[in-house]
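Enquirer: Have a look at this one before I ask anything.
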Amino acid sequence: MIERVKEIYLKLYREGYSCTKNKLKDYFKVTEKTIENTLKPYSKVIIYDKQLKRYRFTKLLPDFIPYEVFYEIFSESIANSTIKKDFLKIKNLFMQENDGIVMISTSDLSDFAKKIIMFTIAINDNNILKIEYTKNGDQKETKVIKPHTIICNGFTYYCYASYEKRNEKDVGSIRTFEFNRIGNVESLEFLSDEIFKIEQNGNAFGPYEKNKYIVLEFDRMSTDFFRKSNIFQNSTYEIIDINENTLIAKMYYNSLEIEVVKLIQQWMPHIKISDDDENKSKVYKIIKDNFEKLIF
């Protein structure tokens, strides 16, 4: 594969909107005809979509992915055993090919990695998907969604998506989908008048709201542990202040009763709620009630 095509692969994965004939012509400093001729041998993989007025992949899972893109998508989840195996599989490529953009065959990757790549492309291409999703044990449901954001907590991958009108129920509602529960994925339609991608942070409970947080104080022991474990790099936390003995941070949450209570119960007295936080009394009362239920 020539380098120009590899670069177009990069652009299609990262910013599909920039893959118009005109923008590619300007980027490579060639004519539109040259772009057309360059991609003609790859017509089974990359096509010009007249509705979108730009190039896109012909299928949700292209035959190749640039290693740079693979690393961008999966570097946060190196602790995930499945993704770790994928990284080990492609390690040998760097001994065989070290000039230019290194391309990875997607057929060599795990089904889990393939699925996340498919959703990455669907988000960039504003592609409505029909998915099979397993809920409550073995119960499978069919959902029609617009995928918006992929997040990872280091081990588990989630997608925030809204229900499309063909879903019939809860149209427009944002839901969290765990990738381990997603089965078959089918492309339904590309939209040219809507942007699916949303930059947002969150967890399994859903996206965070910027004004929904609690202020926590960490002692030296908890601070050292969270730092060594790179937990403060997670978007859940935002460090406000730090001195010799105490670190103060915002913790964003969706469920006060589950996420915050669980953390304080696990780490008390090494993590406590700031005296000025309005939720202090509420959280401590829940913890007190929990302990009383255990004792009595």
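Residue numbers start at 1 in each chain; chains themselves are named A, B, ... in the order of the structure tokens; ligands are numbered from 1 in the order shown.
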Enumerate, in order of chain and increasing residue number, the residues of range 162-207 of chain A with an atom no farther than 8 Å from range 252-256 of chain A, each with its shortest atom pair and distance in Å to one decimal, counting only C-alpha atoms, as a tab-separated table.
Expert:
```
residue	atom	partner	partner_atom	distance
A:Gly202	CA	A:Tyr253	CA	7.8
A:Phe205	CA	A:Asn254	CA	6.1
A:Gly206	CA	A:Asn254	CA	6.9
A:Pro207	CA	A:Asn254	CA	7.7
```
Enquirer: Write down as a ChimeraX atom specification the residues belonging to range 83-233 of chain A that are assigned alpha helix (DSSP H) by DSSP computed on the backbone.
Expert: /A:83-90,93-96,111-124,220-228
Enquirer: Residues within 9 Å of Arg166 in chain A, please, as an NGL selection string. Count only C-alpha atoms; anything in the same chain fewer than 2 positions from it doesn't count.
Expert: :A and (143-145 or 163-164 or 168-169 or 171)
Enquirer: As a ChimeraX atom specification, which residues of range 15-241 of chain A does DSSP assign to strand (DSSP E)?
Expert: /A:46-49,54-57,64-66,103-105,127-135,139-152,157-163,174-178,182-190,202-203,206-207,213-218,237-241
Enquirer: Considering only C-alpha atoms, can you say which of A:Ser105, A:Ile242, A:Val185, A:Met118 comes closest to Tyr133 in chain A?
Expert: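 Checking each candidate against Tyr133 in chain A, we get A:Val185 as the closest.
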